[in-house]
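Undergrad: The file below is data_17.csv, CSV, C-alpha atoms:
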```csv
chain,number,residue,atom,x,y,z
H,1500,MET,CA,14.4,23.4,4.1
H,1501,MET,CA,12.2,20.6,5.5
H,1502,ILE,CA,13.8,17.1,5.9
H,1503,TYR,CA,11.0,14.8,4.8
H,1504,LEU,CA,11.0,11.3,6.4
H,1505,ASP,CA,7.4,10.3,6.0
H,1506,ASN,CA,7.6,8.4,2.8
H,1507,ALA,CA,5.6,5.4,4.2
H,1508,ALA,CA,2.6,7.7,4.0
H,1509,THR,CA,3.3,9.4,0.7
H,1510,SER,CA,6.6,9.7,-1.1
H,1511,PHE,CA,8.1,13.2,-1.5
H,1512,PRO,CA,9.7,14.8,-3.4
H,1513,LYS,CA,8.5,13.3,-6.6
H,1514,PRO,CA,10.8,12.9,-9.6
H,1515,ALA,CA,10.7,15.9,-11.9
H,1516,GLY,CA,9.2,13.8,-14.6
H,1517,VAL,CA,6.0,13.2,-12.6
H,1518,ALA,CA,4.8,16.8,-12.6
H,1519,ARG,CA,5.9,17.2,-16.2
H,1520,ALA,CA,3.9,14.2,-17.3
H,1521,MET,CA,0.8,15.5,-15.4
H,1522,THR,CA,1.1,18.9,-17.0
H,1523,GLN,CA,1.6,17.5,-20.5
H,1524,ALA,CA,-1.5,15.3,-20.1
H,1525,LEU,CA,-3.6,18.3,-19.1
H,1526,GLU,CA,-2.2,20.5,-21.8
H,1527,ASN,CA,-1.9,18.1,-24.7
H,1528,SER,CA,-4.3,15.2,-24.1
H,1529,GLY,CA,-6.9,16.6,-21.8
H,1530,ALA,CA,-9.9,14.8,-23.3
H,1531,ASN,CA,-11.9,12.0,-21.7
H,1532,PRO,CA,-10.1,8.6,-22.3
H,1533,GLY,CA,-12.2,5.8,-23.7
H,1534,ARG,CA,-15.3,8.0,-24.3
H,1535,ALA,CA,-14.8,9.2,-27.9
H,1536,GLY,CA,-13.0,8.4,-31.2
H,1537,HIS,CA,-11.4,11.8,-31.8
H,1538,ALA,CA,-7.7,12.3,-31.7
H,1539,LEU,CA,-7.5,13.9,-28.2
H,1540,ALA,CA,-9.6,11.2,-26.6
H,1541,LEU,CA,-7.5,8.5,-28.3
H,1542,ARG,CA,-4.3,10.2,-27.1
H,1543,ALA,CA,-5.7,10.3,-23.6
H,1544,GLY,CA,-6.6,6.6,-23.8
H,1545,ARG,CA,-3.1,5.8,-24.9
H,1546,ILE,CA,-1.7,7.5,-21.7
H,1547,VAL,CA,-4.0,5.3,-19.6
H,1548,GLU,CA,-3.1,2.1,-21.4
H,1549,ASN,CA,0.6,2.9,-21.3
H,1550,CYS,CA,0.4,3.1,-17.5
H,1551,ARG,CA,-1.7,0.0,-17.3
H,1552,GLU,CA,0.9,-1.9,-19.4
H,1553,ALA,CA,3.6,-0.7,-17.0
H,1554,LEU,CA,1.7,-1.9,-14.0
H,1555,ALA,CA,0.9,-5.3,-15.6
H,1556,GLY,CA,4.5,-5.7,-16.6
H,1557,MET,CA,5.7,-4.9,-13.1
H,1558,LEU,CA,3.4,-7.6,-11.7
H,1559,GLY,CA,4.4,-10.2,-14.3
H,1560,GLU,CA,0.9,-10.1,-15.9
H,1561,GLY,CA,0.7,-10.6,-19.6
H,1562,ASP,CA,-3.0,-9.6,-19.8
H,1563,VAL,CA,-3.1,-5.9,-19.2
H,1564,SER,CA,-6.9,-6.0,-18.7
H,1565,ARG,CA,-6.4,-7.6,-15.3
H,1566,VAL,CA,-5.2,-4.3,-13.8
H,1567,ALA,CA,-7.8,-1.8,-12.8
H,1568,PHE,CA,-7.1,1.8,-11.6
H,1569,ALA,CA,-8.2,2.8,-8.2
H,1570,LEU,CA,-8.1,6.0,-6.1
H,1571,ASN,CA,-5.5,4.5,-3.7
H,1572,THR,CA,-4.8,1.2,-1.9
H,1573,THR,CA,-7.8,1.6,0.3
H,1574,ASP,CA,-10.1,1.9,-2.7
H,1575,ALA,CA,-8.5,-1.1,-4.3
H,1576,LEU,CA,-8.9,-3.2,-1.2
H,1577,ASN,CA,-12.5,-2.2,-0.9
H,1578,MET,CA,-13.1,-3.2,-4.5
H,1579,ALA,CA,-11.5,-6.6,-3.8
H,1580,ILE,CA,-13.2,-7.3,-0.5
H,1581,HIS,CA,-16.7,-6.2,-1.5
H,1582,GLY,CA,-16.3,-7.7,-4.9
H,1583,VAL,CA,-15.5,-11.2,-3.7
H,1584,ILE,CA,-17.4,-11.6,-0.4
H,1585,ARG,CA,-20.8,-13.3,-0.2
H,1586,SER,CA,-23.2,-13.5,2.7
H,1587,GLY,CA,-22.3,-16.3,5.1
H,1588,ASP,CA,-18.6,-16.3,4.2
H,1589,HIS,CA,-15.8,-16.7,6.7
H,1590,VAL,CA,-12.8,-14.4,6.3
H,1591,VAL,CA,-9.3,-14.7,7.8
H,1592,SER,CA,-7.1,-11.6,8.3
H,1593,THR,CA,-4.5,-10.5,10.9
H,1594,LEU,CA,-4.2,-8.2,13.9
H,1595,ILE,CA,-1.4,-6.2,12.3
H,1596,GLU,CA,-3.5,-4.9,9.3
H,1597,HIS,CA,-4.0,-1.3,8.3
H,1598,ASN,CA,-7.6,-0.1,8.8
H,1599,SER,CA,-8.0,-0.3,5.0
H,1600,ILE,CA,-8.5,-4.0,5.5
H,1601,LEU,CA,-9.7,-4.1,9.1
H,1602,ARG,CA,-12.5,-1.6,8.7
H,1603,PRO,CA,-14.3,-3.0,5.7
H,1604,LEU,CA,-14.0,-6.5,7.2
H,1605,SER,CA,-15.1,-5.4,10.6
H,1606,GLU,CA,-18.2,-3.6,9.2
H,1607,LEU,CA,-19.1,-6.7,7.2
H,1608,SER,CA,-18.7,-8.8,10.4
H,1609,ARG,CA,-20.7,-6.4,12.5
H,1610,SER,CA,-23.6,-6.4,10.0
H,1611,GLY,CA,-23.6,-10.2,10.0
H,1612,VAL,CA,-22.6,-10.6,6.4
H,1613,ILE,CA,-19.4,-12.5,7.3
H,1614,THR,CA,-17.6,-14.1,10.3
H,1615,LEU,CA,-14.1,-12.9,10.8
H,1616,THR,CA,-11.0,-14.4,12.4
H,1617,LEU,CA,-8.0,-12.1,13.1
H,1618,VAL,CA,-4.7,-14.0,13.5
H,1619,PRO,CA,-2.2,-12.5,16.0
H,1620,PRO,CA,1.4,-12.1,15.0
H,1621,ALA,CA,4.3,-14.1,16.4
H,1622,PRO,CA,6.6,-12.3,18.9
H,1623,ASP,CA,8.8,-11.1,16.0
H,1624,GLY,CA,5.9,-9.5,14.3
H,1625,THR,CA,5.5,-12.0,11.5
H,1626,ILE,CA,2.4,-13.9,10.7
H,1627,GLU,CA,3.1,-17.6,10.8
H,1628,PRO,CA,1.5,-19.5,7.8
H,1629,GLN,CA,0.5,-22.3,10.2
H,1630,ALA,CA,-1.5,-19.8,12.2
H,1631,ILE,CA,-3.4,-18.9,9.0
H,1632,ALA,CA,-3.9,-22.6,8.2
H,1633,ALA,CA,-5.3,-23.2,11.7
H,1634,ALA,CA,-7.9,-20.4,11.2
H,1635,LEU,CA,-9.3,-21.7,8.0
H,1636,THR,CA,-12.7,-23.3,8.0
H,1637,PRO,CA,-14.9,-25.0,5.4
H,1638,ARG,CA,-16.7,-21.6,5.0
H,1639,THR,CA,-13.5,-19.5,4.5
H,1640,ARG,CA,-13.7,-17.7,1.3
H,1641,LEU,CA,-10.9,-15.0,1.7
H,1642,VAL,CA,-7.6,-14.5,3.4
H,1643,ALA,CA,-6.6,-10.8,3.4
H,1644,MET,CA,-3.3,-9.6,4.7
H,1645,THR,CA,-0.6,-7.0,4.4
H,1646,HIS,CA,2.7,-7.7,2.6
H,1647,MET,CA,4.6,-5.4,5.0
H,1648,SER,CA,3.5,-3.8,8.2
H,1649,ASN,CA,3.4,0.0,8.0
H,1650,VAL,CA,4.6,0.2,11.6
H,1651,LEU,CA,6.8,-2.8,12.1
H,1652,GLY,CA,8.3,-2.8,8.6
H,1653,THR,CA,8.0,-6.6,8.8
H,1654,ALA,CA,7.6,-8.4,5.5
H,1655,GLN,CA,5.3,-11.5,5.5
H,1656,ASP,CA,5.8,-14.8,3.7
H,1657,ALA,CA,3.2,-14.2,0.9
H,1658,ALA,CA,4.2,-17.3,-1.0
H,1659,ALA,CA,3.6,-19.6,1.9
H,1660,VAL,CA,0.2,-18.1,2.7
H,1661,GLY,CA,-0.7,-18.1,-1.0
H,1662,ALA,CA,0.2,-21.8,-1.2
H,1663,LEU,CA,-2.1,-22.6,1.7
H,1664,CYS,CA,-4.9,-20.6,0.1
H,1665,ARG,CA,-4.5,-22.3,-3.2
H,1666,ALA,CA,-4.5,-25.7,-1.6
H,1667,HIS,CA,-7.8,-24.9,0.2
H,1668,GLY,CA,-9.5,-23.1,-2.7
H,1669,VAL,CA,-9.5,-19.8,-0.8
H,1670,HIS,CA,-9.1,-16.3,-2.3
H,1671,PHE,CA,-5.9,-14.5,-1.3
H,1672,LEU,CA,-5.8,-10.7,-1.2
H,1673,LEU,CA,-2.4,-9.1,-0.6
H,1674,ASP,CA,-2.0,-5.4,0.4
H,1675,CYS,CA,1.2,-4.1,-1.1
H,1676,ALA,CA,1.0,-0.5,0.1
H,1677,GLN,CA,4.5,-0.6,1.6
H,1678,THR,CA,6.2,-2.9,-0.9
H,1679,ALA,CA,5.1,-1.7,-4.4
H,1680,GLY,CA,8.1,0.0,-5.9
H,1681,HIS,CA,10.5,-1.4,-3.4
H,1682,LEU,CA,10.2,-5.2,-3.7
H,1683,LEU,CA,9.7,-7.5,-6.7
H,1684,LEU,CA,5.9,-8.3,-6.7
H,1685,GLU,CA,5.0,-11.8,-8.1
H,1686,PRO,CA,1.3,-12.3,-7.3
H,1687,GLN,CA,0.9,-15.3,-9.6
H,1688,ARG,CA,3.9,-17.1,-8.2
H,1689,TRP,CA,2.7,-16.3,-4.7
H,1690,GLY,CA,-0.7,-17.7,-5.3
H,1691,CYS,CA,-2.5,-14.4,-4.9
H,1692,THR,CA,-6.1,-13.9,-6.2
H,1693,MET,CA,-5.9,-10.1,-5.9
H,1694,LEU,CA,-3.2,-7.6,-5.2
H,1695,ALA,CA,-3.8,-3.9,-4.2
H,1696,LEU,CA,-1.2,-1.2,-4.5
H,1697,PRO,CA,-0.8,2.6,-4.2
H,1698,GLY,CA,0.6,4.9,-6.8
H,1699,HIS,CA,1.7,7.6,-4.3
H,1700,LYS,CA,4.2,5.8,-2.2
H,1701,GLY,CA,7.1,3.6,-3.5
H,1702,LEU,CA,6.0,4.0,-7.1
H,1703,LEU,CA,6.5,7.8,-6.7
H,1704,GLY,CA,3.3,8.8,-8.4
H,1705,PRO,CA,0.8,11.5,-7.4
H,1706,HIS,CA,-1.8,11.4,-4.7
H,1707,GLY,CA,-5.1,9.8,-5.7
H,1708,THR,CA,-3.7,6.9,-7.7
H,1709,GLY,CA,-3.6,3.2,-7.1
H,1710,ALA,CA,-4.5,-0.1,-8.8
H,1711,LEU,CA,-6.0,-3.6,-8.2
H,1712,TRP,CA,-4.7,-6.7,-10.0
H,1713,VAL,CA,-7.2,-9.6,-10.3
H,1714,ARG,CA,-6.2,-13.1,-11.4
H,1715,ARG,CA,-7.6,-14.2,-14.8
H,1716,ASP,CA,-10.0,-16.8,-13.5
H,1717,VAL,CA,-11.7,-14.5,-11.0
H,1718,THR,CA,-14.7,-12.2,-11.6
H,1719,LEU,CA,-15.4,-9.6,-9.0
H,1720,ALA,CA,-18.8,-8.0,-8.4
H,1721,PRO,CA,-18.4,-4.3,-9.2
H,1722,VAL,CA,-18.8,-2.0,-6.2
H,1723,ARG,CA,-19.6,1.1,-8.4
H,1724,GLN,CA,-21.8,1.2,-11.4
H,1725,GLY,CA,-21.9,3.8,-14.2
H,1726,GLY,CA,-20.4,4.8,-17.5
H,1727,THR,CA,-17.5,2.7,-18.8
H,1728,GLY,CA,-17.5,3.6,-22.5
H,1729,SER,CA,-18.3,-0.1,-23.3
H,1730,SER,CA,-21.5,-2.1,-23.6
H,1731,SER,CA,-23.4,1.2,-23.4
H,1732,GLN,CA,-26.6,-0.3,-24.8
H,1733,SER,CA,-26.9,-2.3,-21.6
H,1734,MET,CA,-28.3,-0.8,-18.3
H,1735,PHE,CA,-26.1,-3.2,-16.4
H,1736,GLN,CA,-22.5,-3.0,-15.5
H,1737,PRO,CA,-20.1,-5.0,-17.7
H,1738,ARG,CA,-18.4,-7.9,-16.0
H,1739,ILE,CA,-15.2,-7.7,-18.0
H,1740,MET,CA,-12.0,-6.3,-16.6
H,1741,PRO,CA,-11.1,-3.6,-16.2
H,1742,ASP,CA,-14.4,-2.0,-17.3
H,1743,SER,CA,-16.3,-3.6,-14.4
H,1744,MET,CA,-14.1,-1.7,-11.9
H,1745,GLU,CA,-13.6,1.6,-13.7
H,1746,SER,CA,-16.9,3.5,-13.9
H,1747,GLY,CA,-16.7,7.2,-14.7
H,1748,THR,CA,-13.9,9.4,-15.8
H,1749,LEU,CA,-10.4,8.2,-14.9
H,1750,ASN,CA,-7.8,10.5,-13.3
H,1751,LEU,CA,-5.9,11.1,-16.5
H,1752,PRO,CA,-3.2,13.5,-15.1
H,1753,GLY,CA,-2.7,11.3,-12.1
H,1754,ILE,CA,-2.3,8.2,-14.3
H,1755,ALA,CA,0.2,10.1,-16.5
H,1756,GLY,CA,2.2,11.1,-13.4
H,1757,LEU,CA,2.0,7.5,-12.1
H,1758,HIS,CA,3.5,6.1,-15.3
H,1759,ALA,CA,6.4,8.5,-14.9
H,1760,GLY,CA,6.8,7.6,-11.3
H,1761,ILE,CA,6.8,3.9,-12.1
H,1762,ARG,CA,9.6,4.3,-14.7
H,1763,HIS,CA,11.8,6.1,-12.2
H,1764,ALA,CA,11.0,3.8,-9.3
H,1765,LEU,CA,11.6,0.5,-11.2
H,1766,SER,CA,14.8,1.7,-12.8
H,1767,HIS,CA,16.3,2.5,-9.4
H,1768,ARG,CA,14.5,-0.1,-7.2
H,1769,GLU,CA,17.4,-2.1,-5.9
H,1770,ALA,CA,19.6,0.9,-5.2
H,1771,VAL,CA,16.9,2.8,-3.5
H,1772,ARG,CA,15.9,-0.2,-1.4
H,1773,ALA,CA,19.5,-0.7,-0.3
H,1774,GLN,CA,19.8,3.0,0.5
H,1775,ILE,CA,16.6,3.1,2.6
H,1776,CYS,CA,17.5,-0.1,4.5
H,1777,ALA,CA,21.0,1.2,5.2
H,1778,LEU,CA,19.7,4.5,6.6
H,1779,CYS,CA,17.1,2.8,8.7
H,1780,GLY,CA,19.7,0.3,10.0
H,1781,TYR,CA,22.1,3.2,10.9
H,1782,MET,CA,19.4,5.2,12.7
H,1783,ARG,CA,18.1,2.1,14.5
H,1784,GLU,CA,21.6,1.3,15.9
H,1785,GLU,CA,22.1,4.8,17.0
H,1786,LEU,CA,18.7,5.1,18.7
H,1787,LEU,CA,19.2,1.8,20.5
H,1788,ASN,CA,22.2,3.4,22.3
H,1789,LEU,CA,19.9,6.1,23.8
H,1790,PRO,CA,18.6,5.0,27.3
H,1791,ASP,CA,15.3,7.0,26.9
H,1792,VAL,CA,14.4,5.7,23.5
H,1793,ARG,CA,12.4,2.5,22.8
H,1794,VAL,CA,12.9,1.1,19.3
H,1795,TYR,CA,10.2,-1.3,18.0
H,1796,THR,CA,11.5,-2.0,14.5
H,1797,ARG,CA,13.7,-5.1,13.8
H,1798,PRO,CA,16.8,-5.1,11.7
H,1799,GLY,CA,16.4,-5.0,7.9
H,1800,ALA,CA,13.2,-2.9,7.9
H,1801,MET,CA,12.6,0.0,5.5
H,1802,LEU,CA,11.2,2.2,8.2
H,1803,LEU,CA,11.8,2.9,11.8
H,1804,ALA,CA,9.3,3.1,14.7
H,1805,PHE,CA,10.3,4.3,18.2
H,1806,ASN,CA,9.2,6.3,21.2
H,1807,VAL,CA,10.9,8.7,23.5
H,1808,GLU,CA,10.3,7.9,27.2
H,1809,GLY,CA,7.7,10.1,28.8
H,1810,ILE,CA,6.6,11.8,25.5
H,1811,SER,CA,3.7,10.8,23.3
H,1812,SER,CA,4.6,10.0,19.8
H,1813,GLN,CA,2.5,12.9,18.4
H,1814,GLU,CA,4.2,15.3,20.8
H,1815,ALA,CA,7.6,14.0,19.7
H,1816,ALA,CA,6.6,14.3,16.0
H,1817,THR,CA,5.5,17.9,16.6
H,1818,MET,CA,8.8,18.7,18.3
H,1819,LEU,CA,10.7,17.2,15.3
H,1820,ASP,CA,8.5,19.2,12.9
H,1821,ALA,CA,9.5,22.4,14.8
H,1822,ARG,CA,13.1,21.4,14.0
H,1823,GLY,CA,12.3,21.1,10.3
H,1824,ILE,CA,12.0,17.3,10.2
H,1825,ALA,CA,8.7,15.7,9.0
H,1826,VAL,CA,7.9,12.3,10.5
H,1827,ARG,CA,4.6,10.8,11.6
H,1828,GLY,CA,3.3,10.1,15.1
H,1829,GLY,CA,0.2,8.4,16.3
H,1830,LEU,CA,-1.4,5.0,15.5
H,1831,HIS,CA,-0.8,4.9,11.8
H,1832,CYS,CA,-4.3,3.5,11.1
H,1833,ALA,CA,-3.1,0.2,12.5
H,1834,PRO,CA,-4.5,-0.2,16.0
H,1835,GLY,CA,-3.8,-4.0,16.2
H,1836,VAL,CA,-0.1,-3.3,15.8
H,1837,HIS,CA,-0.1,-0.9,18.7
H,1838,ARG,CA,-2.0,-3.4,20.9
H,1839,PHE,CA,0.8,-5.9,20.0
H,1840,LEU,CA,3.5,-3.4,20.9
H,1841,GLY,CA,1.7,-2.0,24.0
H,1842,THR,CA,1.6,1.5,22.5
H,1843,LEU,CA,-2.1,2.0,22.0
H,1844,GLU,CA,-2.1,5.0,24.3
H,1845,THR,CA,1.1,6.6,23.0
H,1846,GLY,CA,1.3,5.5,19.4
H,1847,ALA,CA,4.8,5.5,17.9
H,1848,VAL,CA,7.0,7.8,16.0
H,1849,ARG,CA,7.6,6.5,12.4
H,1850,VAL,CA,10.6,7.5,10.4
H,1851,SER,CA,10.5,6.4,6.7
H,1852,PRO,CA,13.2,7.6,4.3
H,1853,GLY,CA,12.8,7.7,0.6
H,1854,TYR,CA,14.8,7.8,-2.6
H,1855,ALA,CA,16.0,11.4,-1.9
H,1856,SER,CA,16.9,10.8,1.7
H,1857,THR,CA,20.6,11.1,2.8
H,1858,ARG,CA,22.9,10.3,5.6
H,1859,GLU,CA,22.8,14.0,6.5
H,1860,ASP,CA,19.0,13.7,6.9
H,1861,ALA,CA,19.5,10.7,9.2
H,1862,ASP,CA,22.1,12.5,11.3
H,1863,ALA,CA,19.8,15.5,11.7
H,1864,LEU,CA,17.0,13.2,12.9
H,1865,LEU,CA,19.3,11.5,15.4
H,1866,LEU,CA,20.6,14.8,16.8
H,1867,ALA,CA,17.1,16.1,17.2
H,1868,VAL,CA,15.9,12.9,19.0
H,1869,LYS,CA,18.9,13.0,21.3
H,1870,ARG,CA,18.0,16.6,22.3
H,1871,ILE,CA,14.4,15.8,22.7
H,1872,ALA,CA,15.2,12.8,24.9
H,1873,ALA,CA,17.6,14.9,27.0
H,1874,GLY,CA,14.8,17.4,27.7
```
What does the file become when written as structure tokens?

TA:
Amino acid sequence: MMIYLDNAATSFPKPAGVARAMTQALENSGANPGRAGHALALRAGRIVENCREALAGMLGEGDVSRVAFALNTTDALNMAIHGVIRSGDHVVSTLIEHNSILRPLSELSRSGVITLTLVPPAPDGTIEPQAIAAALTPRTRLVAMTHMSNVLGTAQDAAAVGALCRAHGVHFLLDCAQTAGHLLLEPQRWGCTMLALPGHKGLLGPHGTGALWVRRDVTLAPVRQGGTGSSSQSMFQPRIMPDSMESGTLNLPGIAGLHAGIRHALSHREAVRAQICALCGYMREELLNLPDVRVYTRPGAMLLAFNVEGISSQEAATMLDARGIAVRGGLHCAPGVHRFLGTLETGAVRVSPGYASTREDADALLLAVKRIAAG
């Protein structure tokens, strides 16, 4: 049986209730939510709204309409970035971002729509709030950054950055791909304007699910236009949330599964986080004792990044896969992190336990790495 340690990419296995909820949605409520008044459509719409309420509650948001469904975090980030940016704006981000932030901003910069400043991390992998403050200009409209690096596992001080943005009247977009389901998310207290999250990672939902939260006083320009089931007499896209962001038929079975995943994840959040941190701490200390292994992750992280001397990360990941252990090698869609680490050529092996991971899984990984390092 495969030992799965790639939960930072997608959580697996899912709780049994996720597949059950998806099946029930297809079998019992398989109509189009929000597009008709018959019983099946209303039942489907209730599934969508139940999940939206769960997401809003998780974020401390009393107005459930401020949460729009997305295909994934990347989709939510694109909706936020393209929805708020105007020609001539200046944007601040960081060098440790995932490509889901770096690429849309870089494309906007290359096309001349915006100017872009990327703030480097401190030696410990954190983004210092004063470095963000120093990058702000009178034309800065947006600060976009990750809450936790998907390679370093380093959590950033979202509240401090949000306070800066609020003081300067700048939008603040937070990428919670690695923290949703694991940490308490408080976008309003942190001063966020927008927050993007996945359904398929820490929230234990299925692939193809995610969400974007938008603060009540912010209106985004929609990046897609089409049918919303509302204001159908108009040929123009509604500007009310969540309709402005949700054109076309929603992923009903995925949303049903996401709701089940959220219930499981939030009811076990503290215990699972402690378990994951303990496993990563144990593996980190053991790997630090191996002379041919270089560990990049600092204590307290919820993932582990390392390399075996003389072996590329992808080769090492393949060797682990042959031993029945699923991890991820390569650049993890975060080239700036690897420039920071000096691993742009080799990448890094990333180990990310999940709620179902055990000490036995960790021991199997350690034994396999020791054997690979020994040749």

Undergrad: Between H:Gly1701, H:Ala1540, H:Ala1815, H:Ala1695, which has the minimum distance to Gly1728 of chain H (counting only C-alpha atoms)?

TA: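 Closest to Gly1728 of chain H, using only C-alpha atoms: H:Ala1540.
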
Undergrad: Pick out the residues sitting within 9 Å of segment 1733-1740 of chain H, and hand them over as a ChimeraX atom specification; count all atoms listed in the file, and ignore anything fewer than 4 positions along from it in its own chain.

TA: /H:1564-1567,1713,1718-1721,1723-1727,1729,1744-1746

Undergrad: Just to confirm, what's the straight-line distance from atom CA of Leu1539 of chain H to atom CA of Gly1753 of chain H in Å (one decimal)?

TA: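 Straight-line distance from atom CA of Leu1539 of chain H to atom CA of Gly1753 of chain H works out to 17.0 Å.
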
Undergrad: Could you give me, as JSON lines, a per-residue list for segment 1688-1807 of chain H showing, wherever an atom lies at most 7 Å from an atom of segment 1666-1672 of chain H, the closest pair of atoms and their distance in Å to one decimal, using all atoms listed in the file and sorting by chain then residue number from low to high?

TA:
```
{"residue": "H:Cys1691", "atom": "CA", "partner": "H:Phe1671", "partner_atom": "CA", "distance": 5.0}
{"residue": "H:Thr1692", "atom": "CA", "partner": "H:Phe1671", "partner_atom": "CA", "distance": 4.9}
{"residue": "H:Met1693", "atom": "CA", "partner": "H:Leu1672", "partner_atom": "CA", "distance": 4.7}
{"residue": "H:Leu1694", "atom": "CA", "partner": "H:Leu1672", "partner_atom": "CA", "distance": 5.7}
```

Undergrad: Would you put the residues from that selection into a file with C-alpha atoms, as a CSV table (one decimal), keeping the file's coordinate frame?

TA:
```csv
chain,number,residue,atom,x,y,z
H,1691,CYS,CA,-2.5,-14.4,-4.9
H,1692,THR,CA,-6.1,-13.9,-6.2
H,1693,MET,CA,-5.9,-10.1,-5.9
H,1694,LEU,CA,-3.2,-7.6,-5.2
```

Undergrad: Please measure the separation of atom CA of Asn1571 of chain H and atom CA of Ala1508 of chain H, giving the value in Å to one decimal.

TA: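 One can read the atom CA of Asn1571 of chain H to atom CA of Ala1508 of chain H distance as 11.6 Å.
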
Undergrad: Would you mind reading off the distance between atom CA of Thr1678 of chain H and atom CA of Met1647 of chain H, one decimal, in Å?

TA: 6.6 Å

Undergrad: Compare H:Thr1573, H:Ser1851, H:Ser1599, H:Gln1687 by their minimum atom-to-atom distance to Asp1716 of chain H, counting all atoms listed in the file, and give me the closest one.

TA: H:Gln1687

Undergrad: For Ala1816 of chain H, which residue out of H:Leu1635, H:Leu1525, H:Ala1515, H:Ile1871 is the nearest one, using all atoms listed in the file?

TA: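 The answer is H:Ile1871, which sits nearest to Ala1816 of chain H.
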
Undergrad: Within 12 Å of Ala1633 of chain H, counting only C-alpha atoms, which residues show up once you throw out same-chain ones fewer than 5 positions away? Write them as a PyMOL selection string, please.

TA: chain H and resi 1591+1616-1619+1627-1628+1639+1660+1663-1664+1667

Undergrad: With 10 Å as the threshold, what does the neighbourhood of (-3.2, 3.0, -2.4) contain in terms of residues, counting only C-alpha atoms? Coordinates are those of the file; answer as a PyMOL selection string.

TA: chain H and resi 1508-1509+1569-1576+1599+1674-1677+1679+1695-1700+1706-1711

Undergrad: Export C-alpha atoms of the chosen residues as a short mmCIF file (atom, residue, chain, number, x, y, z; two decimals), in the coordinates of the input?

TA:
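Ended up saving to out.cif:
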```cif
data_model
loop_
_atom_site.label_atom_id
_atom_site.label_comp_id
_atom_site.auth_asym_id
_atom_site.auth_seq_id
_atom_site.Cartn_x
_atom_site.Cartn_y
_atom_site.Cartn_z
CA ALA H 1508 2.60 7.70 4.00
CA THR H 1509 3.30 9.40 0.70
CA ALA H 1569 -8.20 2.80 -8.20
CA LEU H 1570 -8.10 6.00 -6.10
CA ASN H 1571 -5.50 4.50 -3.70
CA THR H 1572 -4.80 1.20 -1.90
CA THR H 1573 -7.80 1.60 0.30
CA ASP H 1574 -10.10 1.90 -2.70
CA ALA H 1575 -8.50 -1.10 -4.30
CA LEU H 1576 -8.90 -3.20 -1.20
CA SER H 1599 -8.00 -0.30 5.00
CA ASP H 1674 -2.00 -5.40 0.40
CA CYS H 1675 1.20 -4.10 -1.10
CA ALA H 1676 1.00 -0.50 0.10
CA GLN H 1677 4.50 -0.60 1.60
CA ALA H 1679 5.10 -1.70 -4.40
CA ALA H 1695 -3.80 -3.90 -4.20
CA LEU H 1696 -1.20 -1.20 -4.50
CA PRO H 1697 -0.80 2.60 -4.20
CA GLY H 1698 0.60 4.90 -6.80
CA HIS H 1699 1.70 7.60 -4.30
CA LYS H 1700 4.20 5.80 -2.20
CA HIS H 1706 -1.80 11.40 -4.70
CA GLY H 1707 -5.10 9.80 -5.70
CA THR H 1708 -3.70 6.90 -7.70
CA GLY H 1709 -3.60 3.20 -7.10
CA ALA H 1710 -4.50 -0.10 -8.80
CA LEU H 1711 -6.00 -3.60 -8.20
#
```

Undergrad: Taking only C-alpha atoms into account, name the residue in H:Ala1800, H:Leu1865, H:Ala1759, H:Leu1786 that is nearest to Lys1513 of chain H.

TA: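 Once distances to Lys1513 of chain H are computed over only C-alpha atoms, the minimum belongs to H:Ala1759.
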
Undergrad: List the spatial neighbours of Asn1531 of chain H as a list in words - criterion: any atom at most 9 Å away, all atoms listed in the file, same-chain residues fewer than 6 positions off excluded.

TA: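 Non-adjacent residues within range: Leu1539, Ala1540, Leu1541, Ala1543, Gly1544, Thr1748, Leu1749 and Leu1751 of chain H.
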
Undergrad: Here is a test: counting all atoms listed in the file, which residue of H:Phe1568, H:Val1868, H:Ser1528, H:Trp1712 is nearest to Asp1820 of chain H?

TA: H:Val1868

Undergrad: From the set H:Glu1785, H:Glu1769, H:Asp1505, H:Glu1596, which residue has the shortest atom-to-atom contact distance to Asp1862 of chain H, counting only C-alpha atoms?

TA: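 Once distances to Asp1862 of chain H are computed over only C-alpha atoms, the minimum belongs to H:Glu1785.
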
Undergrad: Any chance you could build segment 1722-1727 of chain H out to N, CA and C atoms and write it as a compact mmCIF listing (two decimals), keeping the file's coordinate frame?

TA:
```txt
# COMPACT_ATOMS: atom_id res chain seq x y z
N VAL H 1722 -18.24 -2.71 -7.33
CA VAL H 1722 -18.80 -2.00 -6.20
C VAL H 1722 -19.32 -0.61 -6.60
N ARG H 1723 -19.00 -0.18 -7.82
CA ARG H 1723 -19.60 1.10 -8.40
C ARG H 1723 -20.11 0.74 -9.76
N GLN H 1724 -21.19 1.37 -10.12
CA GLN H 1724 -21.80 1.20 -11.40
C GLN H 1724 -21.89 2.53 -12.14
N GLY H 1725 -21.72 2.51 -13.46
CA GLY H 1725 -21.90 3.80 -14.20
C GLY H 1725 -21.29 3.62 -15.58
N GLY H 1726 -20.94 4.76 -16.17
CA GLY H 1726 -20.40 4.80 -17.50
C GLY H 1726 -19.03 4.17 -17.61
N THR H 1727 -18.85 3.32 -18.62
CA THR H 1727 -17.50 2.70 -18.80
C THR H 1727 -17.03 2.93 -20.26
```
